[in-house]
file structure-v1.pdb (PDB, C-alpha atoms)
ATOM      1  CA  MET A 235      -3.863  10.150  13.975  1.00  0.00           C
ATOM      2  CA  ASN A 236      -4.283  10.587  10.238  1.00  0.00           C
ATOM      3  CA  LYS A 237      -1.655  11.951   7.857  1.00  0.00           C
ATOM      4  CA  ASN A 238      -3.217  15.441   7.724  1.00  0.00           C
ATOM      5  CA  ASP A 239      -2.899  15.738  11.479  1.00  0.00           C
ATOM      6  CA  LEU A 240       0.656  14.419  11.298  1.00  0.00           C
ATOM      7  CA  LEU A 241       1.643  16.957   8.620  1.00  0.00           C
ATOM      8  CA  ARG A 242       0.097  19.801  10.602  1.00  0.00           C
ATOM      9  CA  LYS A 243       1.842  18.652  13.787  1.00  0.00           C
ATOM     10  CA  LEU A 244       5.150  18.368  11.929  1.00  0.00           C
ATOM     11  CA  HIS A 245       4.584  21.881  10.627  1.00  0.00           C
ATOM     12  CA  ALA A 246       3.774  23.201  14.123  1.00  0.00           C
ATOM     13  CA  LEU A 247       6.723  21.327  15.640  1.00  0.00           C
ATOM     14  CA  ALA A 248       9.054  22.703  12.954  1.00  0.00           C
ATOM     15  CA  GLU A 249       7.957  26.218  13.909  1.00  0.00           C
ATOM     16  CA  ARG A 250       7.752  25.923  17.726  1.00  0.00           C
ATOM     17  CA  GLY A 251       9.826  22.863  18.676  1.00  0.00           C
ATOM     18  CA  ASN A 252      13.030  22.828  20.710  1.00  0.00           C
ATOM     19  CA  GLY A 253      16.515  21.928  19.509  1.00  0.00           C
ATOM     20  CA  GLY A 254      16.827  18.585  17.685  1.00  0.00           C
ATOM     21  CA  GLU A 255      13.076  18.023  17.796  1.00  0.00           C
ATOM     22  CA  LYS A 256      12.530  21.155  15.729  1.00  0.00           C
ATOM     23  CA  ILE A 257      15.301  20.293  13.256  1.00  0.00           C
ATOM     24  CA  ASN A 258      14.068  16.707  12.710  1.00  0.00           C
ATOM     25  CA  ALA A 259      10.474  17.861  12.227  1.00  0.00           C
ATOM     26  CA  GLN A 260      11.603  20.456   9.681  1.00  0.00           C
ATOM     27  CA  ARG A 261      13.663  17.887   7.739  1.00  0.00           C
ATOM     28  CA  LYS A 262      10.826  15.391   7.619  1.00  0.00           C
ATOM     29  CA  LEU A 263       8.312  18.051   6.592  1.00  0.00           C
ATOM     30  CA  GLU A 264      10.630  19.365   3.848  1.00  0.00           C
ATOM     31  CA  LYS A 265      11.194  15.826   2.572  1.00  0.00           C
ATOM     32  CA  PHE A 266       7.447  15.211   2.203  1.00  0.00           C
ATOM     33  CA  MET A 267       6.874  18.615   0.635  1.00  0.00           C
ATOM     34  CA  GLN A 268       9.710  18.162  -1.871  1.00  0.00           C
ATOM     35  CA  LYS A 269       8.701  14.602  -2.748  1.00  0.00           C
ATOM     36  CA  TYR A 270       5.115  15.579  -3.507  1.00  0.00           C
ATOM     37  CA  GLY A 271       5.799  19.071  -4.881  1.00  0.00           C
ATOM     38  CA  ILE A 272       3.853  21.054  -2.308  1.00  0.00           C
ATOM     39  CA  THR A 273       4.543  24.454  -0.739  1.00  0.00           C
ATOM     40  CA  GLU A 274       3.866  25.599   2.814  1.00  0.00           C
ATOM     41  CA  LYS A 275       1.014  27.795   1.623  1.00  0.00           C
ATOM     42  CA  GLU A 276      -0.609  24.832  -0.115  1.00  0.00           C
ATOM     43  CA  LEU A 277      -0.149  22.702   2.986  1.00  0.00           C
ATOM     44  CA  GLU A 278      -1.972  25.263   5.097  1.00  0.00           C
ATOM     45  CA  LYS A 279      -4.900  25.739   2.737  1.00  0.00           C
ATOM     46  CA  GLU A 280      -8.042  23.709   3.179  1.00  0.00           C
ATOM     47  CA  THR A 281      -9.540  24.071  -0.295  1.00  0.00           C
ATOM     48  CA  LEU A 282     -10.268  20.939  -2.266  1.00  0.00           C
ATOM     49  CA  GLU A 283      -8.544  20.398  -5.571  1.00  0.00           C
ATOM     50  CA  HIS A 284      -8.652  17.736  -8.271  1.00  0.00           C
ATOM     51  CA  CYS A 285      -6.115  14.937  -7.652  1.00  0.00           C
ATOM     52  CA  GLU A 286      -5.174  12.049  -9.974  1.00  0.00           C
ATOM     53  CA  PHE A 287      -3.527   8.803  -8.930  1.00  0.00           C
ATOM     54  CA  THR A 288      -2.082   6.132 -11.214  1.00  0.00           C
ATOM     55  CA  PHE A 289      -2.211   2.417 -10.409  1.00  0.00           C
ATOM     56  CA  HIS A 290      -1.351  -0.849 -12.168  1.00  0.00           C
ATOM     57  CA  GLY A 291      -3.712  -3.806 -11.981  1.00  0.00           C
ATOM     58  CA  THR A 292      -6.908  -4.602 -10.126  1.00  0.00           C
ATOM     59  CA  ARG A 293      -5.236  -5.202  -6.746  1.00  0.00           C
ATOM     60  CA  GLU A 294      -3.550  -1.795  -6.786  1.00  0.00           C
ATOM     61  CA  CYS A 295      -6.853  -0.217  -7.844  1.00  0.00           C
ATOM     62  CA  SER A 296      -8.652  -1.827  -4.896  1.00  0.00           C
ATOM     63  CA  LEU A 297      -5.859  -0.777  -2.557  1.00  0.00           C
ATOM     64  CA  LEU A 298      -5.941   2.818  -3.823  1.00  0.00           C
ATOM     65  CA  VAL A 299      -9.730   3.000  -3.407  1.00  0.00           C
ATOM     66  CA  GLN A 300      -9.416   1.763   0.195  1.00  0.00           C
ATOM     67  CA  ILE A 301      -6.704   4.318   0.974  1.00  0.00           C
ATOM     68  CA  ILE A 302      -8.706   7.194  -0.540  1.00  0.00           C
ATOM     69  CA  TYR A 303     -11.698   6.054   1.498  1.00  0.00           C
ATOM     70  CA  LYS A 304      -9.552   5.877   4.660  1.00  0.00           C
ATOM     71  CA  VAL A 305      -8.056   9.358   4.197  1.00  0.00           C
ATOM     72  CA  LEU A 306     -11.188  11.174   3.013  1.00  0.00           C
ATOM     73  CA  ASN A 307     -13.602   9.136   5.161  1.00  0.00           C
ATOM     74  CA  ASP A 308     -16.123   9.193   2.318  1.00  0.00           C
ATOM     75  CA  ARG A 309     -16.589   6.353  -0.145  1.00  0.00           C
ATOM     76  CA  ASN A 310     -18.291   8.539  -2.751  1.00  0.00           C
ATOM     77  CA  ARG A 311     -15.428  10.995  -3.407  1.00  0.00           C
ATOM     78  CA  CYS A 312     -13.340   8.623  -5.549  1.00  0.00           C
ATOM     79  CA  TYR A 313     -14.024   8.517  -9.297  1.00  0.00           C
ATOM     80  CA  GLY A 314     -12.657   7.060 -12.511  1.00  0.00           C
ATOM     81  CA  PHE A 315     -11.956   8.851 -15.793  1.00  0.00           C
ATOM     82  CA  ARG A 316     -13.226   8.517 -19.356  1.00  0.00           C
ATOM     83  CA  TYR A 317     -11.502   9.384 -22.608  1.00  0.00           C
ATOM     84  CA  SER A 318     -13.323  12.376 -24.076  1.00  0.00           C
ATOM     85  CA  TYR A 319     -13.162  11.170 -27.687  1.00  0.00           C
ATOM     86  CA  SER A 320     -14.184   7.505 -27.381  1.00  0.00           C
ATOM     87  CA  GLY A 321     -15.951   7.563 -24.021  1.00  0.00           C
ATOM     88  CA  ARG A 322     -14.039   4.477 -22.871  1.00  0.00           C
ATOM     89  CA  SER A 323     -12.904   4.408 -19.263  1.00  0.00           C
ATOM     90  CA  VAL A 324      -9.268   5.036 -18.369  1.00  0.00           C
ATOM     91  CA  LYS A 325      -8.057   1.793 -16.834  1.00  0.00           C
ATOM     92  CA  ASN A 326      -5.130   2.987 -14.711  1.00  0.00           C
ATOM     93  CA  LYS A 327      -6.194   6.257 -13.051  1.00  0.00           C
ATOM     94  CA  LEU A 328      -8.485   7.294 -10.238  1.00  0.00           C
ATOM     95  CA  GLY A 329      -9.303  10.774  -9.052  1.00  0.00           C
ATOM     96  CA  CYS A 330     -10.773  12.555  -6.067  1.00  0.00           C
ATOM     97  CA  GLU A 331     -11.218  16.015  -4.616  1.00  0.00           C
ATOM     98  CA  ALA A 332      -8.826  16.497  -1.683  1.00  0.00           C
ATOM     99  CA  THR A 333      -6.755  19.093   0.128  1.00  0.00           C
ATOM    100  CA  PRO A 334      -3.023  19.191  -0.644  1.00  0.00           C
ATOM    101  CA  ALA A 335      -2.288  17.562   2.730  1.00  0.00           C
ATOM    102  CA  GLN A 336      -4.781  14.762   2.012  1.00  0.00           C
ATOM    103  CA  LYS A 337      -3.191  14.232  -1.405  1.00  0.00           C
ATOM    104  CA  ILE A 338       0.216  13.808   0.232  1.00  0.00           C
ATOM    105  CA  GLU A 339      -1.244  11.356   2.716  1.00  0.00           C
ATOM    106  CA  ILE A 340      -2.905   9.295  -0.034  1.00  0.00           C
ATOM    107  CA  GLU A 341       0.302   9.177  -2.097  1.00  0.00           C
ATOM    108  CA  PHE A 342       2.412   8.287   0.941  1.00  0.00           C
ATOM    109  CA  LEU A 343       0.076   5.530   2.149  1.00  0.00           C
ATOM    110  CA  PHE A 344      -0.418   4.115  -1.356  1.00  0.00           C
ATOM    111  CA  ASP A 345       3.328   3.916  -1.928  1.00  0.00           C
ATOM    112  CA  PHE A 346       3.904   2.299   1.473  1.00  0.00           C
ATOM    113  CA  TYR A 347       1.073  -0.241   1.327  1.00  0.00           C
ATOM    114  CA  LYS A 348       1.767  -1.117  -2.312  1.00  0.00           C
ATOM    115  CA  ARG A 349       5.308  -2.190  -1.383  1.00  0.00           C
ATOM    116  CA  LEU A 350       4.098  -3.974   1.761  1.00  0.00           C
ATOM    117  CA  TYR A 351       1.377  -5.826  -0.178  1.00  0.00           C
ATOM    118  CA  LYS A 352       3.927  -7.010  -2.761  1.00  0.00           C
ATOM    119  CA  ARG A 353       6.203  -8.395  -0.018  1.00  0.00           C
ATOM    120  CA  GLU A 354       3.270 -10.093   1.735  1.00  0.00           C
ATOM    121  CA  GLU A 355       2.042 -11.567  -1.551  1.00  0.00           C
ATOM    122  CA  GLU A 356       5.494 -13.073  -2.208  1.00  0.00           C
ATOM    123  CA  PHE A 357       5.583 -14.456   1.342  1.00  0.00           C
ATOM    124  CA  PHE A 358       2.100 -15.953   0.906  1.00  0.00           C
ATOM    125  CA  PHE A 359       3.171 -17.602  -2.364  1.00  0.00           C
ATOM    126  CA  ALA A 360       6.221 -19.154  -0.685  1.00  0.00           C
ATOM    127  CA  ALA A 361       4.007 -20.484   2.136  1.00  0.00           C
ATOM    128  CA  PHE A 362       1.499 -21.827  -0.412  1.00  0.00           C
ATOM    129  CA  VAL A 363       4.249 -23.695  -2.277  1.00  0.00           C
ATOM    130  CA  GLN A 364       5.544 -25.178   0.998  1.00  0.00           C
ATOM    131  CA  LYS A 365       2.062 -26.110   2.253  1.00  0.00           C
ATOM    132  CA  HIS A 366       1.157 -28.026  -0.898  1.00  0.00           C
ATOM    133  CA  LYS A 367       4.686 -29.341  -1.551  1.00  0.00           C
ATOM    134  CA  LEU A 368       4.892 -27.894  -5.061  1.00  0.00           C
ATOM    135  CA  PHE A 369       8.585 -28.574  -5.572  1.00  0.00           C
ATOM    136  CA  GLY A 370      10.910 -31.376  -6.609  1.00  0.00           C
ATOM    137  CA  ASP A 371      13.429 -33.330  -4.576  1.00  0.00           C
ATOM    138  CA  LEU A 372      16.493 -31.229  -3.785  1.00  0.00           C
ATOM    139  CA  LYS A 373      19.997 -32.481  -3.335  1.00  0.00           C
ATOM    140  CA  ASP A 374      21.774 -31.319  -0.174  1.00  0.00           C
ATOM    141  CA  ASP A 375      23.802 -28.706  -2.072  1.00  0.00           C
ATOM    142  CA  ASP A 376      20.634 -27.207  -3.658  1.00  0.00           C
ATOM    143  CA  ILE A 377      18.919 -26.461  -0.339  1.00  0.00           C
ATOM    144  CA  PRO A 378      18.620 -22.691   0.154  1.00  0.00           C
ATOM    145  CA  ALA A 379      19.982 -20.904   3.214  1.00  0.00           C
ATOM    146  CA  GLU A 380      17.833 -21.128   6.331  1.00  0.00           C
ATOM    147  CA  GLN A 381      15.323 -18.379   6.978  1.00  0.00           C
ATOM    148  CA  ASN A 382      15.234 -16.588  10.289  1.00  0.00           C
ATOM    149  CA  LYS A 383      13.152 -18.041  13.103  1.00  0.00           C
ATOM    150  CA  GLU A 384      10.553 -15.260  13.014  1.00  0.00           C
ATOM    151  CA  ASP A 385       9.810 -15.805   9.302  1.00  0.00           C
ATOM    152  CA  TYR A 386       9.702 -19.564   9.820  1.00  0.00           C
ATOM    153  CA  MET A 387       7.148 -19.238  12.645  1.00  0.00           C
ATOM    154  CA  ARG A 388       5.083 -16.767  10.642  1.00  0.00           C
ATOM    155  CA  MET A 389       5.079 -19.081   7.622  1.00  0.00           C
ATOM    156  CA  ALA A 390       4.078 -22.065   9.797  1.00  0.00           C
ATOM    157  CA  GLN A 391       1.113 -20.109  11.208  1.00  0.00           C
ATOM    158  CA  LEU A 392       0.057 -18.992   7.742  1.00  0.00           C
ATOM    159  CA  MET A 393       0.244 -22.563   6.435  1.00  0.00           C
ATOM    160  CA  LYS A 394      -1.979 -23.796   9.289  1.00  0.00           C
ATOM    161  CA  GLY A 395      -4.751 -21.496   8.090  1.00  0.00           C
ATOM    162  CA  MET A 396      -4.591 -22.710   4.479  1.00  0.00           C
ATOM    163  CA  SER A 397      -6.871 -25.304   2.953  1.00  0.00           C
ATOM    164  CA  GLU A 398      -5.931 -28.987   3.294  1.00  0.00           C
ATOM    165  CA  GLU A 399      -7.401 -29.773  -0.131  1.00  0.00           C
ATOM    166  CA  THR A 400      -5.371 -32.017  -2.438  1.00  0.00           C
ATOM    167  CA  PRO A 401      -5.794 -32.930  -6.115  1.00  0.00           C
ATOM    168  CA  LEU A 402      -6.557 -36.514  -5.115  1.00  0.00           C
ATOM    169  CA  LYS A 403      -9.707 -35.416  -3.278  1.00  0.00           C
ATOM    170  CA  GLN A 404     -10.981 -34.008  -6.576  1.00  0.00           C
ATOM    171  CA  LEU A 405     -11.053 -37.389  -8.336  1.00  0.00           C
ATOM    172  CA  PRO A 406     -14.411 -39.210  -8.456  1.00  0.00           C
ATOM    173  CA  LYS A 407     -14.771 -42.218  -6.165  1.00  0.00           C
ATOM    174  CA  GLY A 408     -14.151 -45.619  -7.741  1.00  0.00           C
ATOM    175  CA  ILE A 409     -11.194 -44.591  -9.904  1.00  0.00           C
TER     176      ILE A 409
END
call {"tool": "encode", "arguments": {"input": "structure-v1.pdb", "output": "structure tokens"}}
result
Amino acid sequence: MNKNDLLRKLHALAERGNGGEKINAQRKLEKFMQKYGITEKELEKETLEHCEFTFHGTRECSLLVQIIYKVLNDRNRCYGFRYSYSGRSVKNKLGCEATPAQKIEIEFLFDFYKRLYKREEEFFFAAFVQKHKLFGDLKDDDIPAEQNKEDYMRMAQLMKGMSEETPLKQLPKGI
């Protein structure tokens, strides 16, 4: 189920639900609408409007393009911007034509996956450092607290999939 369907179902549930189900759906719907500055009328309309999204860096740009493609199901609806005076491209904005509900979905997914990607990238870096032993000798009192078993197992699996290459393999034979 995509975000548009979810928003419409939340809207329907908020109108026709029973008891706590109705109240929770209304709260969640209001939270999304307030966060993204959208009204109920806008949520119900299906007309496309110009939407702009800001990103930072090439990874976030790639992630945003993928999310727009996922939500709109069309890889040709995403576009960049150019400064009108100089003609140079704007390096931190992308645009598309989307319904208000699709815009909310794109913003929600981009925010979520941006944070998740950052956490995963930090985890990957820690596994990379451990795999290639890029650290000094620690004294017993410098050893950090133990990580939980789930993270340890996940890191071990990630390290198994990494390259076994070492700097010594790069040296020419006979040295």
call {"tool": "residues_around", "arguments": {"input": "structure-v1.pdb", "residues": "Gly291 (chain A)", "least_positions_apart": "6", "cutoff": "12 Å", "atoms": "all atoms listed in the file", "output": "list in words"}}
result
Leu297, Leu298, Lys325, Asn326, Lys327 and Lys348 of chain A
call {"tool": "closest_residue", "arguments": {"input": "structure-v1.pdb", "among": "A:Phe287, A:Ala259, A:Met267, A:Glu384", "to": "Glu341 (chain A)", "atoms": "all atoms listed in the file"}}
result
A:Phe287
call {"tool": "resolve_selection", "arguments": {"input": "structure-v1.pdb", "expression": "the PyMOL selection byres ((chain A and resi 359-361) around 12)", "output": "list in words"}}
result
Lys352, Arg353, Glu354, Glu355, Glu356, Phe357, Phe358, Phe362, Val363, Gln364, Lys365, His366, Lys367, Leu368, Phe369, Gln381, Asp385, Tyr386, Met387, Arg388, Met389, Ala390, Gln391, Leu392, Met393, Lys394, Gly395, Met396 and Ser397 of chain A
call {"tool": "closest_residue", "arguments": {"input": "structure-v1.pdb", "among": "A:Gln268, A:Leu244, A:Gly254, A:Arg293", "to": "Tyr347 (chain A)", "atoms": "all atoms listed in the file"}}
result
A:Arg293
call {"tool": "atom_distance", "arguments": {"input": "structure-v1.pdb", "atom1": "CA of Leu306 (chain A)", "atom2": "CA of Lys269 (chain A)"}}
result
21.0 Å
call {"tool": "axis_aligned_box", "arguments": {"input": "structure-v1.pdb", "around": "region 359-374 of chain A", "padding_each_side": "3 Å", "output": "JSON"}}
result
{"center_x": 11.5, "center_y": -25.5, "center_z": -2.2, "size_x": 26.6, "size_y": 21.7, "size_z": 14.9}
call {"tool": "resolve_selection", "arguments": {"input": "structure-v1.pdb", "expression": "the PyMOL selection byres ((chain A and resi 330-337) around 6)", "output": "PDB file with C-alpha atoms, in the frame of the given file"}}
result
ATOM      1  CA  ASN A 238      -3.217  15.441   7.724  1.00  0.00           C
ATOM      2  CA  LEU A 277      -0.149  22.702   2.986  1.00  0.00           C
ATOM      3  CA  GLU A 280      -8.042  23.709   3.179  1.00  0.00           C
ATOM      4  CA  THR A 281      -9.540  24.071  -0.295  1.00  0.00           C
ATOM      5  CA  LEU A 282     -10.268  20.939  -2.266  1.00  0.00           C
ATOM      6  CA  GLU A 283      -8.544  20.398  -5.571  1.00  0.00           C
ATOM      7  CA  HIS A 284      -8.652  17.736  -8.271  1.00  0.00           C
ATOM      8  CA  CYS A 285      -6.115  14.937  -7.652  1.00  0.00           C
ATOM      9  CA  ARG A 311     -15.428  10.995  -3.407  1.00  0.00           C
ATOM     10  CA  CYS A 312     -13.340   8.623  -5.549  1.00  0.00           C
ATOM     11  CA  GLY A 329      -9.303  10.774  -9.052  1.00  0.00           C
ATOM     12  CA  ILE A 338       0.216  13.808   0.232  1.00  0.00           C
ATOM     13  CA  GLU A 339      -1.244  11.356   2.716  1.00  0.00           C
ATOM     14  CA  ILE A 340      -2.905   9.295  -0.034  1.00  0.00           C
TER      15      ILE A 340
END
call {"tool": "atom_distance", "arguments": {"input": "structure-v1.pdb", "atom1": "CA of Glu286 (chain A)", "atom2": "CA of Ser320 (chain A)"}}
result
20.1 Å
call {"tool": "atom_distance", "arguments": {"input": "structure-v1.pdb", "atom1": "CA of Asn310 (chain A)", "atom2": "CA of Ser323 (chain A)"}}
result
17.9 Å
call {"tool": "closest_residue", "arguments": {"input": "structure-v1.pdb", "among": "A:Val324, A:Ala248, A:Leu343, A:Leu402", "to": "Lys304 (chain A)", "atoms": "all atoms listed in the file"}}
result
A:Leu343
